[in-house]
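J.: Please read through the structure below; I'll follow up with questions.
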Amino acid sequence: MARDTGVPIGAQFTHCYDEFVLDVDLALPAKGVTVLYGQSGSGKTTLLRCLAGLVRAPGGTLRVGGDQWQGDEVFLPTHKRPIGYVFQEPSLFEHLTVAGNLSYAQKRVDLADSSRSALSSEEVIALLGIENLLQRKPNQLSGGEKQRVAIARALFSQPELLLMDEPLASLDTQRKREILPYLEKLRHELEIPIIYVTHSIDELSRLADWVVVLDKGRVVADGSLADVLTALDSPLQLDDAGVVLETTILSREAQWALMRVGFSGGELLLADNGRAEGETLRVRVDARDVSLTLSQHTDTSILNALPATVIEISACLSQGAVLVKLGLGHQSIAALDESKVIDEHSEASRDSSEMLLSRITRRSADYLELVVGSQVWAQIKSVAVLR
């Protein structure tokens with residue numbers, strides 16, 4: 001089956017059991033990582049199992065890369081769907097070596113089908129750093145090593161769609177830190193779409209290109225990472241408000257152990273992590289770490305302050321707080337309106353690098369007399385480097 005990488009995944013499922021109803025209608029990107037996010041019981045795994053064909057939702061439809069996998073007159077069983085599935089537990093064959101587990105997966109591949117675009121076996125092994133594990137058996141591996149082998153096994157089947165069901169859920173904090181960089185490599189290297197289930201805001205921030213937020217079986221937010229994180233009515237905003245910025249390391253201030261990173265909205269000074277100039281970094285700025293002033297201050301220990309314009313102010317949140325959406329740079333209201341029109345018709349609307357969120361008290365917002373179009377300075381007290 002030839003896969004058109006420009007065609008989005010179309011998925012429509014309604015599935016009922018007991019008192020739970022999954023009811024979704026989605027168009028997902030044909031490349032990158034789509035994160036299914038939500039609390040336990042929200043329907044994330046059920047949706048993933050529908051995509052895999054493990055759950056048959058009557059009347060559901062699924063198109064991947066232009067091919068119909070499910071519809072009124074078709075239902076491809078799981079073993080005929082070109083998918084890789086990574087479960088919470090690695091579930092490796094204990095009697096086989098790592099090499100044996102990978103070879104078993106490779107037997108599923110139709111070598112005559114040259115239309116599938118995939119990494120070679122050697123590239124997968126190198127990408128996941130398992131070269132030295134090939135002759136070991138699963139009982140000789142750590143939890144993180146087992147999960148890396150499980151991911152490699154899924155990729156050895158040369159899937160057109162990779163499904164990952166909370167692959168870090170069974171790992172401790174240290175093992176999660178070890179495996180996350182490998183997942184980030186997959187995001188950059190794979191040409192196929194990845195659908196990744198999690199309830200971790202950290203994993204979402206580090207890995208997602210597209211986000212689907214589920215609650216009680218229904219989609220409550222759906223869009224690019226930028227759009228979902230900066231929407232003031234997003235369900236993520238109650239506890240996890242913030243933005244993710246894609247930055248590039250520009251230079252160093254060695255005497256202060258700092259590095260300067262740039263992005264389309266400006267520049268930031270961060271603690272030097274030793275990475276080379278020119279490398280990209282994904283960083284997160286939490287709304288609670290952004291304070292606002294009406295003028296620029298130099299008599300402060302805060303290193304990062306950027307000019308910004310108020311775009312939107314939320315209704316009062318819990319504990320008398322409001323969220324303020326900021327466009328970086330001082331702009332007129334007319335310029336903001338013109339920019340919005342442009343953004344609605346361009347990929348620029350997918351980029352959050354010119355946006356920040358600030359969580360402040362309602363009293364502070366009233367004291368500063370903030371309204372849409374107010375010119376302010378955003379003081380950033382802390383930045384989390386995600387990778």
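Letters for chains follow the order of the structure tokens (A, B, ...), residue numbers begin at 1 for each chain, and ligand numbers begin at 1 in the order shown.
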Considering only strand (DSSP E) as DSSP defines it on the backbone, what residues of segment 39-143 of chain A qualify? List them as a ChimeraX atom specification.
T.: /A:61-64,67-70,83-86
J.: Please produce a file of the residues just selected, as a JSON list (two decimals), in the first residue's frame, where the atoms kept are N, CA and C atoms.
T.:
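selection.json, freshly written:
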```json
[["chain", "number", "residue", "atom", "x", "y", "z"],
["A", 61, "THR", "N", -14.84, 4.90, 11.05],
["A", 61, "THR", "CA", -14.05, 5.01, 9.82],
["A", 61, "THR", "C", -12.62, 5.37, 10.18],
["A", 62, "LEU", "N", -11.69, 4.88, 9.38],
["A", 62, "LEU", "CA", -10.28, 5.20, 9.57],
["A", 62, "LEU", "C", -9.57, 5.17, 8.22],
["A", 63, "ARG", "N", -8.95, 6.29, 7.89],
["A", 63, "ARG", "CA", -8.12, 6.40, 6.68],
["A", 63, "ARG", "C", -6.73, 6.84, 7.10],
["A", 64, "VAL", "N", -5.73, 6.13, 6.59],
["A", 64, "VAL", "CA", -4.33, 6.44, 6.89],
["A", 64, "VAL", "C", -3.57, 6.53, 5.57],
["A", 67, "ASP", "N", -5.34, 5.47, 2.41],
["A", 67, "ASP", "CA", -5.89, 4.12, 2.36],
["A", 67, "ASP", "C", -6.99, 3.95, 3.41],
["A", 68, "GLN", "N", -8.05, 3.24, 3.03],
["A", 68, "GLN", "CA", -9.15, 2.98, 3.94],
["A", 68, "GLN", "C", -8.84, 1.73, 4.76],
["A", 69, "TRP", "N", -8.70, 1.91, 6.09],
["A", 69, "TRP", "CA", -8.47, 0.78, 6.99],
["A", 69, "TRP", "C", -9.76, 0.30, 7.63],
["A", 70, "GLN", "N", -10.74, 1.20, 7.72],
["A", 70, "GLN", "CA", -12.03, 0.83, 8.30],
["A", 70, "GLN", "C", -13.10, 1.72, 7.70],
["A", 83, "ILE", "N", 1.10, -1.34, 11.20],
["A", 83, "ILE", "CA", 1.33, -0.53, 12.40],
["A", 83, "ILE", "C", 2.43, -1.15, 13.25],
["A", 84, "GLY", "N", 3.07, -0.31, 14.05],
["A", 84, "GLY", "CA", 3.89, -0.76, 15.16],
["A", 84, "GLY", "C", 3.20, -0.33, 16.43],
["A", 85, "TYR", "N", 3.16, -1.21, 17.42],
["A", 85, "TYR", "CA", 2.44, -0.91, 18.67],
["A", 85, "TYR", "C", 3.40, -1.13, 19.83],
["A", 86, "VAL", "N", 3.60, -0.09, 20.63],
["A", 86, "VAL", "CA", 4.45, -0.17, 21.82],
["A", 86, "VAL", "C", 3.56, -0.05, 23.04]]
```
J.: Can you pull out every residue from segment 145-269 of chain A that DSSP, working from the backbone, puts in alpha helix (DSSP H), and format the result as JSON, numbers by chain?
T.: {"A": [145, 146, 147, 148, 149, 150, 151, 152, 153, 154, 155, 156, 173, 174, 175, 176, 177, 178, 179, 180, 181, 182, 183, 184, 185, 186, 187, 188, 189, 201, 202, 203, 204, 205, 206, 207, 225, 226, 227, 228, 229, 230, 237, 238, 239, 240]}
J.: Since we have the selection now, will you write its residues out, keeping N, CA and C atoms, as a compact mmCIF listing (two decimals), in the first residue's frame?
T.:
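Result saved to result-v2.txt:
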```txt
# COMPACT_ATOMS: atom_id res chain seq x y z
N GLU A 145 16.15 -0.20 28.92
CA GLU A 145 16.71 -0.95 27.79
C GLU A 145 15.65 -1.82 27.14
N LYS A 146 14.82 -2.48 27.97
CA LYS A 146 13.74 -3.30 27.43
C LYS A 146 12.79 -2.46 26.58
N GLN A 147 12.47 -1.27 27.06
CA GLN A 147 11.52 -0.46 26.31
C GLN A 147 12.12 0.04 25.00
N ARG A 148 13.41 0.34 25.01
CA ARG A 148 14.06 0.73 23.75
C ARG A 148 14.05 -0.42 22.75
N VAL A 149 14.26 -1.65 23.24
CA VAL A 149 14.20 -2.81 22.35
C VAL A 149 12.78 -3.00 21.83
N ALA A 150 11.78 -2.77 22.70
CA ALA A 150 10.39 -2.90 22.27
C ALA A 150 10.05 -1.90 21.17
N ILE A 151 10.57 -0.69 21.28
CA ILE A 151 10.35 0.32 20.25
C ILE A 151 11.04 -0.10 18.95
N ALA A 152 12.29 -0.59 19.08
CA ALA A 152 13.01 -1.06 17.89
C ALA A 152 12.25 -2.20 17.22
N ARG A 153 11.71 -3.12 18.03
CA ARG A 153 10.96 -4.23 17.46
C ARG A 153 9.75 -3.73 16.67
N ALA A 154 9.07 -2.72 17.21
CA ALA A 154 7.92 -2.15 16.50
C ALA A 154 8.36 -1.53 15.17
N LEU A 155 9.52 -0.90 15.15
CA LEU A 155 10.00 -0.26 13.93
C LEU A 155 10.55 -1.26 12.92
N PHE A 156 11.00 -2.42 13.40
CA PHE A 156 11.52 -3.44 12.49
C PHE A 156 10.42 -3.99 11.57
N THR A 173 11.74 7.41 37.58
CA THR A 173 12.12 8.74 37.07
C THR A 173 13.44 8.72 36.33
N GLN A 174 14.44 8.01 36.86
CA GLN A 174 15.75 7.97 36.22
C GLN A 174 15.68 7.29 34.86
N ARG A 175 14.93 6.17 34.77
CA ARG A 175 14.81 5.46 33.49
C ARG A 175 14.05 6.32 32.47
N LYS A 176 13.07 7.08 32.94
CA LYS A 176 12.35 7.98 32.03
C LYS A 176 13.30 9.01 31.45
N ARG A 177 14.16 9.57 32.29
CA ARG A 177 15.12 10.56 31.80
C ARG A 177 16.07 9.97 30.78
N GLU A 178 16.38 8.69 30.94
CA GLU A 178 17.30 8.04 30.02
C GLU A 178 16.65 7.80 28.65
N ILE A 179 15.37 7.46 28.65
CA ILE A 179 14.73 7.06 27.39
C ILE A 179 14.13 8.23 26.62
N LEU A 180 13.79 9.34 27.30
CA LEU A 180 13.17 10.46 26.60
C LEU A 180 14.01 11.02 25.45
N PRO A 181 15.33 11.13 25.59
CA PRO A 181 16.11 11.60 24.44
C PRO A 181 15.99 10.70 23.22
N TYR A 182 15.82 9.39 23.42
CA TYR A 182 15.63 8.48 22.29
C TYR A 182 14.29 8.72 21.62
N LEU A 183 13.26 9.01 22.42
CA LEU A 183 11.95 9.32 21.85
C LEU A 183 11.99 10.62 21.06
N GLU A 184 12.79 11.58 21.54
CA GLU A 184 12.95 12.83 20.80
C GLU A 184 13.65 12.59 19.46
N LYS A 185 14.59 11.66 19.44
CA LYS A 185 15.25 11.31 18.17
C LYS A 185 14.23 10.73 17.18
N LEU A 186 13.34 9.88 17.68
CA LEU A 186 12.31 9.32 16.81
C LEU A 186 11.48 10.42 16.18
N ARG A 187 11.14 11.41 16.99
CA ARG A 187 10.32 12.53 16.50
C ARG A 187 11.00 13.22 15.31
N HIS A 188 12.32 13.34 15.37
CA HIS A 188 13.05 14.04 14.32
C HIS A 188 13.35 13.15 13.12
N GLU A 189 13.59 11.87 13.35
CA GLU A 189 14.10 11.00 12.30
C GLU A 189 13.03 10.26 11.52
N ILE A 201 2.37 16.00 31.52
CA ILE A 201 2.56 17.27 30.83
C ILE A 201 4.00 17.43 30.38
N ASP A 202 4.95 16.81 31.09
CA ASP A 202 6.36 16.88 30.69
C ASP A 202 6.58 16.15 29.37
N GLU A 203 6.02 14.95 29.24
CA GLU A 203 6.17 14.20 27.99
C GLU A 203 5.47 14.94 26.85
N LEU A 204 4.28 15.48 27.12
CA LEU A 204 3.59 16.26 26.10
C LEU A 204 4.45 17.43 25.62
N SER A 205 5.03 18.16 26.56
CA SER A 205 5.82 19.35 26.21
C SER A 205 7.06 18.98 25.42
N ARG A 206 7.67 17.86 25.73
CA ARG A 206 8.92 17.47 25.08
C ARG A 206 8.72 16.84 23.71
N LEU A 207 7.60 16.15 23.51
CA LEU A 207 7.46 15.31 22.32
C LEU A 207 6.42 15.78 21.31
N LEU A 225 0.59 21.92 19.03
CA LEU A 225 1.05 22.16 20.40
C LEU A 225 0.93 23.63 20.74
N ALA A 226 1.32 24.50 19.82
CA ALA A 226 1.25 25.94 20.06
C ALA A 226 -0.17 26.40 20.32
N ASP A 227 -1.09 25.94 19.48
CA ASP A 227 -2.48 26.40 19.60
C ASP A 227 -3.11 25.94 20.91
N VAL A 228 -2.87 24.67 21.27
CA VAL A 228 -3.48 24.14 22.48
C VAL A 228 -2.90 24.79 23.73
N LEU A 229 -1.58 25.00 23.75
CA LEU A 229 -0.95 25.57 24.93
C LEU A 229 -1.30 27.04 25.13
N THR A 230 -1.54 27.77 24.05
CA THR A 230 -1.78 29.21 24.19
C THR A 230 -3.26 29.59 24.18
N GLN A 237 -5.07 24.75 30.96
CA GLN A 237 -4.67 26.01 31.58
C GLN A 237 -4.91 26.07 33.08
N LEU A 238 -5.73 25.22 33.62
CA LEU A 238 -6.02 25.32 35.05
C LEU A 238 -4.78 25.11 35.89
N ASP A 239 -3.98 24.08 35.57
CA ASP A 239 -2.79 23.78 36.37
C ASP A 239 -1.50 23.86 35.59
N ASP A 240 -1.57 23.71 34.27
CA ASP A 240 -0.35 23.52 33.49
C ASP A 240 -0.12 24.60 32.44
```
J.: Considering only C-alpha atoms, return as a short mmCIF file (atom, residue, chain, number, x, y, z; two decimals) with N, CA, C and O atoms, in the first residue's frame whatever protein or nucleic-acid residues lie within 6 Å of segment 191-200 of chain A, sequence-local ones (same chain, fewer than 2 positions apart) excluded.
T.:
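Below is the file that was written, out_37.cif:
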```cif
data_model
loop_
_atom_site.label_atom_id
_atom_site.label_comp_id
_atom_site.auth_asym_id
_atom_site.auth_seq_id
_atom_site.Cartn_x
_atom_site.Cartn_y
_atom_site.Cartn_z
N ALA A 30 -0.06 13.82 9.12
CA ALA A 30 0.54 12.64 8.51
C ALA A 30 2.01 12.47 8.89
O ALA A 30 2.66 11.52 8.44
N LYS A 31 2.52 13.37 9.73
CA LYS A 31 3.91 13.27 10.17
C LYS A 31 4.03 13.93 11.54
O LYS A 31 3.23 14.79 11.89
N GLY A 32 5.04 13.51 12.30
CA GLY A 32 5.26 14.08 13.62
C GLY A 32 4.56 13.29 14.70
O GLY A 32 3.99 12.23 14.46
N VAL A 33 4.60 13.84 15.92
CA VAL A 33 4.04 13.15 17.08
C VAL A 33 2.72 13.80 17.48
O VAL A 33 2.68 15.00 17.79
N THR A 34 1.66 13.01 17.45
CA THR A 34 0.37 13.42 17.99
C THR A 34 0.25 12.82 19.38
O THR A 34 0.33 11.59 19.53
N VAL A 35 0.07 13.65 20.38
CA VAL A 35 -0.08 13.17 21.76
C VAL A 35 -1.56 13.14 22.12
O VAL A 35 -2.27 14.15 21.97
N LEU A 36 -2.01 11.96 22.56
CA LEU A 36 -3.35 11.83 23.15
C LEU A 36 -3.19 12.03 24.65
O LEU A 36 -2.56 11.22 25.33
N TYR A 37 -3.75 13.11 25.15
CA TYR A 37 -3.51 13.53 26.53
C TYR A 37 -4.81 13.53 27.31
O TYR A 37 -5.86 13.91 26.80
N GLY A 38 -4.73 13.14 28.56
CA GLY A 38 -5.89 13.17 29.43
C GLY A 38 -5.66 12.30 30.64
O GLY A 38 -4.70 11.53 30.71
N GLN A 39 -6.53 12.43 31.61
CA GLN A 39 -6.39 11.66 32.83
C GLN A 39 -6.84 10.22 32.61
O GLN A 39 -7.43 9.88 31.58
N GLU A 160 3.62 1.91 8.92
CA GLU A 160 3.21 3.20 8.36
C GLU A 160 2.64 4.10 9.44
O GLU A 160 2.40 5.28 9.22
N LEU A 161 2.40 3.53 10.62
CA LEU A 161 1.86 4.27 11.75
C LEU A 161 2.40 3.62 13.02
O LEU A 161 2.30 2.40 13.19
N LEU A 162 3.00 4.44 13.90
CA LEU A 162 3.55 3.93 15.16
C LEU A 162 2.65 4.39 16.30
O LEU A 162 2.43 5.59 16.49
N LEU A 163 2.12 3.42 17.06
CA LEU A 163 1.24 3.69 18.19
C LEU A 163 1.99 3.38 19.48
O LEU A 163 2.57 2.30 19.63
N MET A 164 1.96 4.33 20.44
CA MET A 164 2.71 4.16 21.69
C MET A 164 1.79 4.45 22.86
O MET A 164 1.32 5.58 23.02
N ASP A 165 1.54 3.43 23.68
CA ASP A 165 0.58 3.55 24.79
C ASP A 165 1.33 3.72 26.11
O ASP A 165 1.73 2.75 26.74
N GLU A 166 1.55 4.97 26.50
CA GLU A 166 2.25 5.32 27.74
C GLU A 166 3.51 4.46 27.92
O GLU A 166 3.65 3.74 28.92
N ASP A 202 4.95 16.81 31.09
CA ASP A 202 6.36 16.88 30.69
C ASP A 202 6.58 16.15 29.37
O ASP A 202 7.24 16.67 28.46
N GLU A 203 6.02 14.95 29.24
CA GLU A 203 6.17 14.20 27.99
C GLU A 203 5.47 14.94 26.85
O GLU A 203 5.98 15.00 25.73
#
```
J.: Do a neighbour search on segment 124-140 of chain A at 6 Å with only C-alpha atoms, toss out local chain neighbours closer than 4 positions, and write the hits as a PyMOL selection string.
T.: chain A and resi 94+97-99+182
J.: Those selected residues, please, written with C-alpha atoms and delivered as a short mmCIF file (atom, residue, chain, number, x, y, z; two decimals), in the first residue's frame.
T.:
```cif
data_model
loop_
_atom_site.label_atom_id
_atom_site.label_comp_id
_atom_site.auth_asym_id
_atom_site.auth_seq_id
_atom_site.Cartn_x
_atom_site.Cartn_y
_atom_site.Cartn_z
CA GLU A 94 12.09 -14.06 27.17
CA THR A 97 17.93 -12.59 22.51
CA VAL A 98 17.39 -8.97 21.55
CA ALA A 99 18.52 -9.86 18.01
CA TYR A 182 15.63 8.48 22.29
#
```
J.: Could you check the closest approach to Phe87 of chain A for each of A:Pro58, A:Pro235, A:Pro167, A:Gly144 and tell me which residue wins, using only C-alpha atoms?
T.: A:Pro167
J.: Please list as a VMD selection string every residue within 8 Å of Gly320 of chain A, counting only C-alpha atoms and excluding residues in the same chain fewer than 4 positions away.
T.: chain A and resid 316 361 to 363
J.: Name all residues at most 9 Å from Thr46 of chain A (count only C-alpha atoms; drop same-chain ones fewer than 3 positions away) and give them as a list in words.
T.: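 Contacts, in chain order: His15, Leu22, Ser42, Gly43, Arg49, Cys50, Leu51, Val55 and Gly217 of chain A.
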J.: How would the residues just chosen look if you wrote them out with N, CA and C atoms as a short mmCIF file (atom, residue, chain, number, x, y, z; two decimals), in the first residue's frame?
T.:
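Result file follows (out_18.cif):
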```
data_model
loop_
_atom_site.label_atom_id
_atom_site.label_comp_id
_atom_site.auth_asym_id
_atom_site.auth_seq_id
_atom_site.Cartn_x
_atom_site.Cartn_y
_atom_site.Cartn_z
N HIS A 15 -17.77 4.33 20.31
CA HIS A 15 -17.70 2.99 20.92
C HIS A 15 -18.21 3.08 22.35
N LEU A 22 -16.88 6.43 23.95
CA LEU A 22 -15.86 7.13 23.17
C LEU A 22 -16.52 7.68 21.93
N SER A 42 -10.01 8.64 30.46
CA SER A 42 -10.51 9.63 29.51
C SER A 42 -10.75 9.05 28.12
N GLY A 43 -10.21 7.85 27.85
CA GLY A 43 -10.44 7.21 26.55
C GLY A 43 -9.22 7.14 25.66
N ARG A 49 -6.52 1.73 20.68
CA ARG A 49 -6.88 0.36 20.31
C ARG A 49 -7.85 0.34 19.12
N CYS A 50 -8.68 1.37 19.00
CA CYS A 50 -9.52 1.48 17.81
C CYS A 50 -8.66 1.70 16.57
N LEU A 51 -7.64 2.55 16.68
CA LEU A 51 -6.74 2.79 15.56
C LEU A 51 -6.00 1.52 15.15
N VAL A 55 -9.93 -2.89 18.94
CA VAL A 55 -11.33 -2.65 19.30
C VAL A 55 -12.06 -2.27 18.02
N GLY A 217 -14.13 10.43 27.17
CA GLY A 217 -14.38 9.87 25.86
C GLY A 217 -14.58 10.87 24.75
#
```
J.: As an exercise, work out the distance from atom CA of Leu268 of chain A to atom CA of Gln296 of chain A in Å and give it to one decimal place.
T.: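 Between these atoms lies a distance of 15.5 Å.
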J.: Within 12 Å of Ala276 of chain A, counting only C-alpha atoms, which residues show up once you throw out same-chain ones fewer than 2 positions away? Write them as a list of chain:residue names, please.
T.: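 In the requested format, the answer is A:Thr248, A:Ile249, A:Leu250, A:Ser251, A:Arg252, A:Met259, A:Arg260, A:Val261, A:Asp272, A:Asn273, A:Gly274, A:Gly278, A:Glu279, A:Thr280, A:Leu281.
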J.: A:Trp256, A:His330, A:Phe75, A:Ile313: which is nearest Ser295 of chain A, counting only C-alpha atoms?
T.: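 Closest to Ser295 of chain A, using only C-alpha atoms: A:His330.
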J.: Would you please work out which residue, of A:Lys381, A:Gly53, A:Leu294, A:Gly65, is nearest to Phe13 of chain A when using only C-alpha atoms?
T.: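 Of all the options, A:Gly53 lies closest to Phe13 of chain A.
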